[in-house]
file final-v4.pdb (PDB, C-alpha atoms)
ATOM      1  CA  MET A1044     -16.161   9.930  13.307
ATOM      2  CA  ILE A1045     -16.789  12.211  10.325
ATOM      3  CA  LEU A1046     -15.708  10.480   7.104
ATOM      4  CA  ASP A1047     -13.709  13.480   5.935
ATOM      5  CA  TYR A1048     -10.992  11.627   4.015
ATOM      6  CA  ILE A1049     -13.497   9.255   2.429
ATOM      7  CA  SER A1050     -15.740  12.130   1.308
ATOM      8  CA  ARG A1051     -12.861  13.882  -0.451
ATOM      9  CA  ILE A1052     -11.631  10.659  -2.043
ATOM     10  CA  LYS A1053     -15.121   9.769  -3.296
ATOM     11  CA  ALA A1054     -15.398  13.226  -4.859
ATOM     12  CA  ASN A1055     -12.013  12.778  -6.538
ATOM     13  CA  ILE A1056     -13.082   9.397  -7.966
ATOM     14  CA  SER A1057     -16.370  10.745  -9.338
ATOM     15  CA  ILE A1058     -14.674  13.731 -10.950
ATOM     16  CA  HIS A1059     -11.815  11.950 -12.656
ATOM     17  CA  THR A1060     -13.203   8.535 -13.615
ATOM     18  CA  ASN A1061     -16.377   6.653 -14.443
ATOM     19  CA  ILE A1062     -15.129   3.194 -13.404
ATOM     20  CA  LYS A1063     -17.516   0.621 -11.978
ATOM     21  CA  ALA A1064     -16.145  -0.048  -8.506
ATOM     22  CA  SER A1065     -18.328  -3.133  -8.096
ATOM     23  CA  SER A1066     -16.321  -5.099 -10.656
ATOM     24  CA  ILE A1067     -12.838  -3.593 -10.846
ATOM     25  CA  LEU A1068     -11.467  -5.904  -8.141
ATOM     26  CA  ASP A1069     -13.137  -9.085  -9.377
ATOM     27  CA  GLY A1070     -10.605 -11.884  -9.810
ATOM     28  CA  SER A1071     -10.603 -15.372 -11.237
ATOM     29  CA  TYR A1072      -9.256 -17.202  -8.201
ATOM     30  CA  LYS A1073     -10.657 -18.288  -4.855
ATOM     31  CA  SER A1074      -9.445 -16.337  -1.855
ATOM     32  CA  VAL A1075      -9.302 -17.691   1.676
ATOM     33  CA  PHE A1076     -10.647 -15.339   4.347
ATOM     34  CA  MET A1077     -12.479 -15.261   7.641
ATOM     35  CA  GLY A1078     -16.228 -15.769   7.702
ATOM     36  CA  ARG A1079     -18.772 -17.879   9.572
ATOM     37  CA  SER A1080     -21.364 -18.609   6.886
ATOM     38  CA  LEU A1081     -19.078 -19.992   4.164
ATOM     39  CA  ASN A1082     -17.503 -23.340   3.313
ATOM     40  CA  PHE A1083     -14.943 -24.530   5.872
ATOM     41  CA  GLU A1084     -11.388 -24.765   4.517
ATOM     42  CA  ASP A1085      -8.929 -25.604   7.301
ATOM     43  CA  LEU A1086      -7.422 -24.462  10.607
ATOM     44  CA  ARG A1087      -4.525 -22.116  11.212
ATOM     45  CA  GLU A1088      -2.859 -20.415  14.174
ATOM     46  CA  TYR A1089      -4.574 -17.380  15.676
ATOM     47  CA  ILE A1090      -3.241 -13.987  14.530
ATOM     48  CA  PRO A1091      -3.921 -10.796  16.541
ATOM     49  CA  GLY A1092      -6.945  -9.111  14.974
ATOM     50  CA  ASP A1093      -8.791 -12.340  14.094
ATOM     51  CA  ASN A1094     -12.400 -12.642  15.217
ATOM     52  CA  ILE A1095     -12.485 -14.631  18.481
ATOM     53  CA  ARG A1096     -15.770 -16.216  17.347
ATOM     54  CA  ASP A1097     -13.786 -18.131  14.732
ATOM     55  CA  ILE A1098     -11.550 -19.826  17.299
ATOM     56  CA  ASP A1099     -11.965 -23.618  17.321
ATOM     57  CA  TRP A1100     -11.728 -24.235  21.065
ATOM     58  CA  LYS A1101     -11.757 -28.040  20.854
ATOM     59  CA  ALA A1102      -8.953 -28.139  18.286
ATOM     60  CA  SER A1103      -7.057 -25.477  20.254
ATOM     61  CA  SER A1104      -7.321 -27.586  23.409
ATOM     62  CA  ARG A1105      -5.930 -30.634  21.629
ATOM     63  CA  SER A1106      -3.022 -28.747  20.033
ATOM     64  CA  ARG A1107      -2.377 -26.494  23.045
ATOM     65  CA  SER A1108      -2.308 -23.424  20.790
ATOM     66  CA  LEU A1109      -5.074 -21.121  19.578
ATOM     67  CA  LEU A1110      -6.469 -22.218  16.196
ATOM     68  CA  VAL A1111      -9.039 -20.424  14.061
ATOM     69  CA  LYS A1112     -11.237 -21.695  11.266
ATOM     70  CA  ARG A1113     -10.705 -20.534   7.696
ATOM     71  CA  PHE A1114     -13.411 -20.444   5.070
ATOM     72  CA  VAL A1115     -13.423 -20.206   1.269
ATOM     73  CA  ALA A1116     -15.432 -17.745  -0.810
ATOM     74  CA  GLU A1117     -15.571 -16.923  -4.501
ATOM     75  CA  LYS A1118     -14.523 -13.452  -5.664
ATOM     76  CA  LYS A1119     -13.631 -12.248  -2.201
ATOM     77  CA  HIS A1120     -10.341 -10.515  -1.559
ATOM     78  CA  ASN A1121      -8.217  -9.564   1.417
ATOM     79  CA  ILE A1122      -6.587  -6.246   0.573
ATOM     80  CA  LEU A1123      -3.689  -5.005   2.710
ATOM     81  CA  LEU A1124      -2.270  -1.511   2.223
ATOM     82  CA  ILE A1125       1.353  -1.061   3.255
ATOM     83  CA  PHE A1126       2.388   2.570   3.673
ATOM     84  CA  ASP A1127       5.893   3.958   3.542
ATOM     85  CA  THR A1128       6.530   6.508   6.279
ATOM     86  CA  GLY A1129       9.413   8.618   7.500
ATOM     87  CA  ALA A1130      10.226  12.301   6.995
ATOM     88  CA  LYS A1131      10.668  11.760   3.253
ATOM     89  CA  MET A1132       6.886  11.368   2.831
ATOM     90  CA  ASN A1133       6.487  15.000   3.907
ATOM     91  CA  ALA A1134       8.459  16.084   0.835
ATOM     92  CA  HIS A1135       6.805  17.301  -2.365
ATOM     93  CA  THR A1136       5.907  15.241  -5.418
ATOM     94  CA  ASP A1137       7.219  16.112  -8.871
ATOM     95  CA  ASN A1138       4.568  18.822  -9.340
ATOM     96  CA  ASN A1139       6.272  20.674  -6.441
ATOM     97  CA  VAL A1140       2.843  21.498  -4.970
ATOM     98  CA  GLU A1141       1.397  18.397  -3.298
ATOM     99  CA  LEU A1142       3.047  16.443  -0.507
ATOM    100  CA  LYS A1143       3.899  12.784  -1.092
ATOM    101  CA  LYS A1144       1.964  11.721   2.010
ATOM    102  CA  ASP A1145      -1.199  13.441   0.732
ATOM    103  CA  VAL A1146      -0.953  11.703  -2.641
ATOM    104  CA  ALA A1147      -0.238   8.431  -0.795
ATOM    105  CA  ILE A1148      -3.402   8.905   1.305
ATOM    106  CA  TYR A1149      -5.532   9.549  -1.775
ATOM    107  CA  ALA A1150      -4.030   6.580  -3.635
ATOM    108  CA  ALA A1151      -4.513   4.169  -0.716
ATOM    109  CA  GLY A1152      -7.938   5.658   0.038
ATOM    110  CA  THR A1153      -9.071   5.115  -3.546
ATOM    111  CA  ILE A1154      -8.071   1.446  -3.368
ATOM    112  CA  ALA A1155      -9.746   1.094   0.032
ATOM    113  CA  TYR A1156     -12.973   2.681  -1.188
ATOM    114  CA  LEU A1157     -13.092   0.432  -4.254
ATOM    115  CA  THR A1158     -12.449  -2.545  -1.969
ATOM    116  CA  TYR A1159     -15.308  -1.493   0.302
ATOM    117  CA  SER A1160     -17.608  -1.000  -2.705
ATOM    118  CA  ASN A1161     -16.796  -4.523  -3.866
ATOM    119  CA  GLY A1162     -17.624  -6.005  -0.445
ATOM    120  CA  ASP A1163     -14.049  -7.102   0.185
ATOM    121  CA  PHE A1164     -11.811  -6.808   3.244
ATOM    122  CA  VAL A1165      -9.202  -4.071   3.624
ATOM    123  CA  GLY A1166      -6.594  -3.306   6.272
ATOM    124  CA  ALA A1167      -3.358  -1.364   6.635
ATOM    125  CA  LEU A1168       0.136  -1.809   8.001
ATOM    126  CA  TYR A1169       3.025   0.604   8.426
ATOM    127  CA  ASP A1170       6.140   1.214  10.480
ATOM    128  CA  ILE A1171       6.488   4.362  12.591
ATOM    129  CA  ASP A1172      10.036   4.826  13.858
ATOM    130  CA  GLY A1173      10.495   1.085  14.349
ATOM    131  CA  LYS A1174       7.031   0.331  15.755
ATOM    132  CA  MET A1175       4.482  -1.560  13.656
ATOM    133  CA  LYS A1176       0.947  -0.242  13.389
ATOM    134  CA  PHE A1177      -1.604  -2.759  12.086
ATOM    135  CA  PHE A1178      -5.251  -2.118  11.223
ATOM    136  CA  PRO A1179      -7.102  -5.465  10.846
ATOM    137  CA  LEU A1180      -8.967  -6.439   7.689
ATOM    138  CA  ARG A1181     -12.471  -5.004   7.856
ATOM    139  CA  THR A1182     -15.371  -4.098   5.544
ATOM    140  CA  ARG A1183     -16.482  -0.758   7.035
ATOM    141  CA  LEU A1184     -15.766   2.769   5.807
ATOM    142  CA  TYR A1185     -15.261   3.775   9.436
ATOM    143  CA  ASP A1186     -12.193   1.542   9.612
ATOM    144  CA  VAL A1187     -10.824   2.938   6.341
ATOM    145  CA  GLU A1188     -11.246   6.480   7.646
ATOM    146  CA  ASN A1189      -9.505   5.448  10.854
ATOM    147  CA  PHE A1190      -6.299   4.166   9.269
ATOM    148  CA  LEU A1191      -6.124   7.020   6.740
ATOM    149  CA  ALA A1192      -6.432   9.589   9.538
ATOM    150  CA  SER A1193      -3.901   7.718  11.697
ATOM    151  CA  TYR A1194      -1.369   7.548   8.870
ATOM    152  CA  ASP A1195      -1.796  11.253   8.121
ATOM    153  CA  LYS A1196      -1.179  12.121  11.771
ATOM    154  CA  ASP A1197       1.686   9.668  12.319
ATOM    155  CA  VAL A1198       3.688  10.498   9.211
ATOM    156  CA  GLN A1199       3.740  14.184  10.106
ATOM    157  CA  HIS A1200       5.849  13.369  13.154
ATOM    158  CA  SER A1201       7.750  10.325  11.908
ATOM    159  CA  LYS A1202      11.488  10.467  11.314
ATOM    160  CA  LYS A1203      12.429   7.184   9.719
ATOM    161  CA  SER A1204      10.926   4.103   8.117
ATOM    162  CA  ASP A1205      12.109   0.673   7.050
ATOM    163  CA  LEU A1206      10.012  -1.075   4.430
ATOM    164  CA  ASN A1207      12.082  -4.239   4.827
ATOM    165  CA  LYS A1208      11.077  -4.519   8.487
ATOM    166  CA  THR A1209       7.439  -3.972   7.552
ATOM    167  CA  LEU A1210       7.577  -6.673   4.882
ATOM    168  CA  GLU A1211       9.414  -9.036   7.246
ATOM    169  CA  TYR A1212       6.638  -8.482   9.793
ATOM    170  CA  LEU A1213       4.081  -9.275   7.093
ATOM    171  CA  LEU A1214       5.916 -12.457   6.128
ATOM    172  CA  LYS A1215       6.167 -13.614   9.743
ATOM    173  CA  HIS A1216       2.665 -12.822  11.021
ATOM    174  CA  PHE A1217       0.273 -13.239   8.072
ATOM    175  CA  ARG A1218      -0.592 -16.590   6.510
ATOM    176  CA  ARG A1219      -3.800 -15.744   4.667
ATOM    177  CA  LYS A1220      -3.581 -14.985   0.947
ATOM    178  CA  MET A1221      -3.868 -11.266   0.282
ATOM    179  CA  VAL A1222      -3.563  -8.678  -2.443
ATOM    180  CA  ILE A1223      -0.929  -6.297  -1.094
ATOM    181  CA  PHE A1224      -0.527  -2.701  -2.257
ATOM    182  CA  VAL A1225       2.766  -1.081  -1.250
ATOM    183  CA  VAL A1226       2.531   2.721  -1.346
ATOM    184  CA  THR A1227       6.060   4.111  -1.430
ATOM    185  CA  ASP A1228       8.517   6.122  -3.530
ATOM    186  CA  MET A1229      11.565   5.456  -5.694
ATOM    187  CA  LYS A1230      13.910   5.247  -2.711
ATOM    188  CA  GLY A1231      11.516   2.871  -0.935
ATOM    189  CA  ILE A1232      11.375   0.431  -3.852
ATOM    190  CA  ASP A1233      15.148   0.591  -4.228
ATOM    191  CA  SER A1234      15.637  -0.319  -0.551
ATOM    192  CA  ILE A1235      13.540  -3.506  -0.601
ATOM    193  CA  GLN A1236      15.472  -6.754  -0.518
ATOM    194  CA  GLU A1237      14.759  -9.051  -3.454
ATOM    195  CA  GLN A1238      14.721 -12.119  -1.220
ATOM    196  CA  LEU A1239      11.760 -10.635   0.643
ATOM    197  CA  LEU A1240       9.871  -9.994  -2.571
ATOM    198  CA  LYS A1241      10.516 -13.554  -3.712
ATOM    199  CA  LYS A1242       9.134 -15.037  -0.491
ATOM    200  CA  LEU A1243       6.101 -12.754  -0.385
ATOM    201  CA  MET A1244       5.171 -13.414  -4.010
ATOM    202  CA  CYS A1245       4.939 -17.137  -3.228
ATOM    203  CA  GLN A1246       2.050 -16.378  -0.889
ATOM    204  CA  HIS A1247       0.474 -13.092  -1.976
ATOM    205  CA  ASP A1248      -0.250 -10.884  -4.961
ATOM    206  CA  MET A1249       1.810  -7.686  -4.728
ATOM    207  CA  LEU A1250       1.336  -4.362  -6.477
ATOM    208  CA  PHE A1251       3.319  -1.152  -6.031
ATOM    209  CA  ILE A1252       2.305   2.499  -6.171
ATOM    210  CA  ASN A1253       5.323   4.736  -6.648
ATOM    211  CA  ILE A1254       4.806   8.356  -5.555
ATOM    212  CA  ASN A1255       6.983  10.539  -7.775
ATOM    213  CA  ASP A1256       9.634  12.688  -6.092
ATOM    214  CA  ALA A1257      10.280  16.358  -6.753
ATOM    215  CA  THR A1258      13.571  17.282  -8.405
ATOM    216  CA  MET A1259      15.884  19.897  -6.962
ATOM    217  CA  ALA A1260      16.705  21.486 -10.297
ATOM    218  CA  GLY A1261      15.451  24.984 -11.129
ATOM    219  CA  LYS A1262      12.979  25.225  -8.237
ATOM    220  CA  PRO A1263      13.136  26.088  -4.540
ATOM    221  CA  ALA A1264      14.072  22.714  -3.001
ATOM    222  CA  TYR A1265      13.476  22.032   0.676
ATOM    223  CA  LYS A1266      15.721  19.504   2.417
ATOM    224  CA  ILE A1267      13.482  17.631   4.857
ATOM    225  CA  ASP A1268      16.279  16.058   6.908
ATOM    226  CA  SER A1269      17.936  19.362   7.809
ATOM    227  CA  ASN A1270      14.835  21.601   7.660
ATOM    228  CA  HIS A1271      16.082  24.240   5.234
ATOM    229  CA  TYR A1272      15.932  25.223   1.576
ATOM    230  CA  LEU A1273      18.848  24.375  -0.655
ATOM    231  CA  PRO A1274      20.764  27.460  -1.803
ATOM    232  CA  ALA A1275      20.209  28.707  -5.329
ATOM    233  CA  PHE A1276      23.775  27.899  -6.441
ATOM    234  CA  ILE A1277      22.873  24.217  -5.984
ATOM    235  CA  THR A1278      19.357  24.154  -7.428
ATOM    236  CA  GLU A1279      20.344  26.271 -10.438
ATOM    237  CA  ASN A1280      23.528  24.361 -11.221
ATOM    238  CA  LYS A1281      23.006  22.621 -14.575
ATOM    239  CA  LYS A1282      25.794  20.108 -13.988
ATOM    240  CA  LEU A1283      24.276  18.993 -10.697
ATOM    241  CA  ALA A1284      20.849  18.839 -12.318
ATOM    242  CA  LYS A1285      22.209  16.526 -15.005
ATOM    243  CA  MET A1286      23.862  14.315 -12.379
ATOM    244  CA  GLU A1287      20.612  14.122 -10.424
ATOM    245  CA  GLN A1288      18.705  13.148 -13.557
ATOM    246  CA  LEU A1289      21.171  10.363 -14.383
ATOM    247  CA  ILE A1290      21.020   9.019 -10.816
ATOM    248  CA  ARG A1291      17.218   9.031 -10.905
ATOM    249  CA  GLU A1292      17.133   7.255 -14.247
ATOM    250  CA  ASP A1293      19.565   4.620 -12.972
ATOM    251  CA  ILE A1294      17.541   3.932  -9.805
ATOM    252  CA  SER A1295      14.285   3.920 -11.765
ATOM    253  CA  GLU A1296      15.679   1.412 -14.251
ATOM    254  CA  LYS A1297      16.925  -0.853 -11.457
ATOM    255  CA  ASN A1298      13.560  -0.660  -9.698
ATOM    256  CA  GLU A1299      11.710  -1.551 -12.888
ATOM    257  CA  LYS A1300      13.952  -4.566 -13.478
ATOM    258  CA  LYS A1301      13.575  -5.690  -9.857
ATOM    259  CA  LEU A1302       9.772  -5.602  -9.912
ATOM    260  CA  LYS A1303       9.549  -7.094 -13.398
ATOM    261  CA  HIS A1304      11.830  -9.969 -12.342
ATOM    262  CA  HIS A1305       9.291 -10.901  -9.661
ATOM    263  CA  ALA A1306       6.261 -10.243 -11.922
ATOM    264  CA  ILE A1307       5.120  -7.326  -9.760
ATOM    265  CA  LEU A1308       2.991  -4.598 -11.307
ATOM    266  CA  CYS A1309       3.675  -0.944 -10.487
ATOM    267  CA  THR A1310       2.206   2.445 -11.360
ATOM    268  CA  ASN A1311       3.744   5.912 -10.931
ATOM    269  CA  VAL A1312       1.617   8.697  -9.457
ATOM    270  CA  GLY A1313       2.529  12.382  -9.223
ATOM    271  CA  THR A1314      -0.721  14.189  -8.416
ATOM    272  CA  LYS A1315      -4.133  13.488  -6.916
ATOM    273  CA  GLU A1316      -5.689  14.039 -10.327
ATOM    274  CA  ASP A1317      -3.661  11.122 -11.729
ATOM    275  CA  ILE A1318      -4.762   8.655  -9.086
ATOM    276  CA  SER A1319      -8.121   7.423 -10.392
ATOM    277  CA  TYR A1320      -6.778   6.703 -13.868
ATOM    278  CA  LYS A1321      -3.526   5.163 -12.611
ATOM    279  CA  ILE A1322      -5.245   2.936 -10.034
ATOM    280  CA  THR A1323      -7.847   1.807 -12.548
ATOM    281  CA  GLU A1324      -5.123   0.937 -15.044
ATOM    282  CA  LEU A1325      -3.149  -0.972 -12.394
ATOM    283  CA  LEU A1326      -6.175  -2.977 -11.240
ATOM    284  CA  GLU A1327      -7.167  -3.845 -14.790
ATOM    285  CA  LYS A1328      -3.644  -5.143 -15.486
ATOM    286  CA  HIS A1329      -3.815  -7.180 -12.285
ATOM    287  CA  ARG A1330      -7.199  -8.629 -13.194
ATOM    288  CA  TYR A1331      -6.006  -9.483 -16.684
ATOM    289  CA  ALA A1332      -2.905 -11.212 -15.265
ATOM    290  CA  ASN A1333      -5.159 -13.386 -13.055
ATOM    291  CA  ILE A1334      -7.431 -14.582 -15.862
ATOM    292  CA  ARG A1335      -4.783 -15.477 -18.407
TER     293      ARG A1335
END
call {"tool": "encode", "arguments": {"input": "final-v4.pdb", "output": "structure tokens"}}
result
Amino acid sequence: MILDYISRIKANISIHTNIKASSILDGSYKSVFMGRSLNFEDLREYIPGDNIRDIDWKASSRSRSLLVKRFVAEKKHNILLIFDTGAKMNAHTDNNVELKKDVAIYAAGTIAYLTYSNGDFVGALYDIDGKMKFFPLRTRLYDVENFLASYDKDVQHSKKSDLNKTLEYLLKHFRRKMVIFVVTDMKGIDSIQEQLLKKLMCQHDMLFININDATMAGKPAYKIDSNHYLPAFITENKKLAKMEQLIREDISEKNEKKLKHHAILCTNVGTKEDISYKITELLEKHRYANIR
């Protein structure tokens, strides 16, 4: 596989930032992850995607269920990227030029590349029309390229998404501690149930990347759901534009309060050029929060 997405993302990182990828993800806590040459921690139930070499067959025989060994390492992280999907991700960002899915790919790809550079594990999870697609935690660029390409292809044909179902799946099937990046938009954050966030924050670190939406005011606005442009009498109506602005501000304020209540960090991204700076800033805030 040609690392096309990775090549473009690496170029974007080198152009717009001089961060040291080898240290940006360093934390102050121990993370539990799979590995055969590290200190043994405990046993847990097998999860699809785990390395079969880590199965403890004797313990599994005694308990009559598959158990795998867990090991502890310093400064190692399990990074899981959760993508929002659905037709809405094919809409434009607030610069009215780039698609939200393209900015989402670059944002997630930047995190994945930094994770790879730091020697950590990265995987992905998203919902396509009610079906979960999981890419196990790995350390290879090939695997990063694979889930970026799959997301790009899937979201082009997706119709709906449910972040709550994705997060419920995460809560039910994953026991290992992870740093979770949720790549979504304003509507996605607004839809998430607070009870889910509360439960997930007890087990994981969570960070959000909000992809800014285009406004309908004063510009040709394309309605994704019905596949047509909005007529000019709507997009040029100042009263409607004011109403849209107030609704956006209200949702944005509610989202900020929701995430702040659960001590979740978030950054807003509108263009590919913003990504390196915004991601760096988000990771530095996360690192600072862990060492206080």
call {"tool": "resolve_selection", "arguments": {"input": "final-v4.pdb", "expression": "the PyMOL selection byres ((chain A and resi 1165-1178) around 9)", "output": "MDAnalysis selection string"}}
result
chainID A and resid 1092 1120:1129 1154:1155 1158:1159 1163:1164 1179:1183 1186:1187 1189:1191 1194 1197:1198 1201:1206 1208:1209 1212:1213
call {"tool": "residues_around", "arguments": {"input": "final-v4.pdb", "residues": "Tyr1156 in chain A", "least_positions_apart": "6", "cutoff": "9 Å", "atoms": "all atoms listed in the file", "output": "JSON, numbers by chain"}}
result
{"A": [1049, 1052, 1053, 1064, 1184, 1187]}
call {"tool": "closest_residue", "arguments": {"input": "final-v4.pdb", "among": "A:Thr1136, A:Thr1314, A:Ser1050, A:Gln1236", "to": "Ala1257 in chain A", "atoms": "only C-alpha atoms"}}
result
A:Thr1136
call {"tool": "closest_residue", "arguments": {"input": "final-v4.pdb", "among": "A:Ile1290, A:Tyr1320, A:Val1225, A:Lys1281", "to": "Leu1308 in chain A", "atoms": "all atoms listed in the file"}}
result
A:Val1225
call {"tool": "resolve_selection", "arguments": {"input": "final-v4.pdb", "expression": "the PyMOL selection byres ((chain A and resi 1229) around 12)", "output": "PDB file with C-alpha atoms, in the frame of the given file"}}
result
ATOM      1  CA  ASP A1127       5.893   3.958   3.542  1.00  0.00           C
ATOM      2  CA  LYS A1131      10.668  11.760   3.253  1.00  0.00           C
ATOM      3  CA  MET A1132       6.886  11.368   2.831  1.00  0.00           C
ATOM      4  CA  THR A1136       5.907  15.241  -5.418  1.00  0.00           C
ATOM      5  CA  ASP A1137       7.219  16.112  -8.871  1.00  0.00           C
ATOM      6  CA  LYS A1143       3.899  12.784  -1.092  1.00  0.00           C
ATOM      7  CA  VAL A1225       2.766  -1.081  -1.250  1.00  0.00           C
ATOM      8  CA  VAL A1226       2.531   2.721  -1.346  1.00  0.00           C
ATOM      9  CA  THR A1227       6.060   4.111  -1.430  1.00  0.00           C
ATOM     10  CA  ASP A1228       8.517   6.122  -3.530  1.00  0.00           C
ATOM     11  CA  LYS A1230      13.910   5.247  -2.711  1.00  0.00           C
ATOM     12  CA  GLY A1231      11.516   2.871  -0.935  1.00  0.00           C
ATOM     13  CA  ILE A1232      11.375   0.431  -3.852  1.00  0.00           C
ATOM     14  CA  ASP A1233      15.148   0.591  -4.228  1.00  0.00           C
ATOM     15  CA  SER A1234      15.637  -0.319  -0.551  1.00  0.00           C
ATOM     16  CA  ILE A1235      13.540  -3.506  -0.601  1.00  0.00           C
ATOM     17  CA  PHE A1251       3.319  -1.152  -6.031  1.00  0.00           C
ATOM     18  CA  ILE A1252       2.305   2.499  -6.171  1.00  0.00           C
ATOM     19  CA  ASN A1253       5.323   4.736  -6.648  1.00  0.00           C
ATOM     20  CA  ILE A1254       4.806   8.356  -5.555  1.00  0.00           C
ATOM     21  CA  ASN A1255       6.983  10.539  -7.775  1.00  0.00           C
ATOM     22  CA  ASP A1256       9.634  12.688  -6.092  1.00  0.00           C
ATOM     23  CA  ALA A1257      10.280  16.358  -6.753  1.00  0.00           C
ATOM     24  CA  ILE A1290      21.020   9.019 -10.816  1.00  0.00           C
ATOM     25  CA  ARG A1291      17.218   9.031 -10.905  1.00  0.00           C
ATOM     26  CA  GLU A1292      17.133   7.255 -14.247  1.00  0.00           C
ATOM     27  CA  ASP A1293      19.565   4.620 -12.972  1.00  0.00           C
ATOM     28  CA  ILE A1294      17.541   3.932  -9.805  1.00  0.00           C
ATOM     29  CA  SER A1295      14.285   3.920 -11.765  1.00  0.00           C
ATOM     30  CA  GLU A1296      15.679   1.412 -14.251  1.00  0.00           C
ATOM     31  CA  LYS A1297      16.925  -0.853 -11.457  1.00  0.00           C
ATOM     32  CA  ASN A1298      13.560  -0.660  -9.698  1.00  0.00           C
ATOM     33  CA  GLU A1299      11.710  -1.551 -12.888  1.00  0.00           C
ATOM     34  CA  LEU A1302       9.772  -5.602  -9.912  1.00  0.00           C
ATOM     35  CA  CYS A1309       3.675  -0.944 -10.487  1.00  0.00           C
ATOM     36  CA  THR A1310       2.206   2.445 -11.360  1.00  0.00           C
ATOM     37  CA  ASN A1311       3.744   5.912 -10.931  1.00  0.00           C
ATOM     38  CA  VAL A1312       1.617   8.697  -9.457  1.00  0.00           C
ATOM     39  CA  GLY A1313       2.529  12.382  -9.223  1.00  0.00           C
TER      40      GLY A1313
END
call {"tool": "atom_distance", "arguments": {"input": "final-v4.pdb", "atom1": "CA of Gln1199 in chain A", "atom2": "CA of Ile1148 in chain A"}}
result
12.5 Å
call {"tool": "closest_residue", "arguments": {"input": "final-v4.pdb", "among": "A:Ile1090, A:Ile1318, A:Leu1283, A:Leu1326", "to": "Asp1145 in chain A", "atoms": "only C-alpha atoms"}}
result
A:Ile1318
call {"tool": "atom_distance", "arguments": {"input": "final-v4.pdb", "atom1": "CA of Val1111 in chain A", "atom2": "CA of Cys1245 in chain A"}}
result
22.5 Å
call {"tool": "resolve_selection", "arguments": {"input": "final-v4.pdb", "expression": "the PyMOL selection byres ((chain A and resi 1109) around 6)", "output": "MDAnalysis selection string"}}
result
chainID A and resid 1088:1089 1103 1108 1110
call {"tool": "atom_distance", "arguments": {"input": "final-v4.pdb", "atom1": "CA of Asn1161 in chain A", "atom2": "CA of Ile1307 in chain A"}}
result
22.9 Å
call {"tool": "closest_residue", "arguments": {"input": "final-v4.pdb", "among": "A:Lys1112, A:Asn1133, A:Asn1055, A:Arg1219", "to": "Asn1094 in chain A", "atoms": "all atoms listed in the file"}}
result
A:Lys1112
call {"tool": "closest_residue", "arguments": {"input": "final-v4.pdb", "among": "A:Thr1153, A:Leu1046, A:Asp1093, A:His1135", "to": "Thr1323 in chain A", "atoms": "all atoms listed in the file"}}
result
A:Thr1153
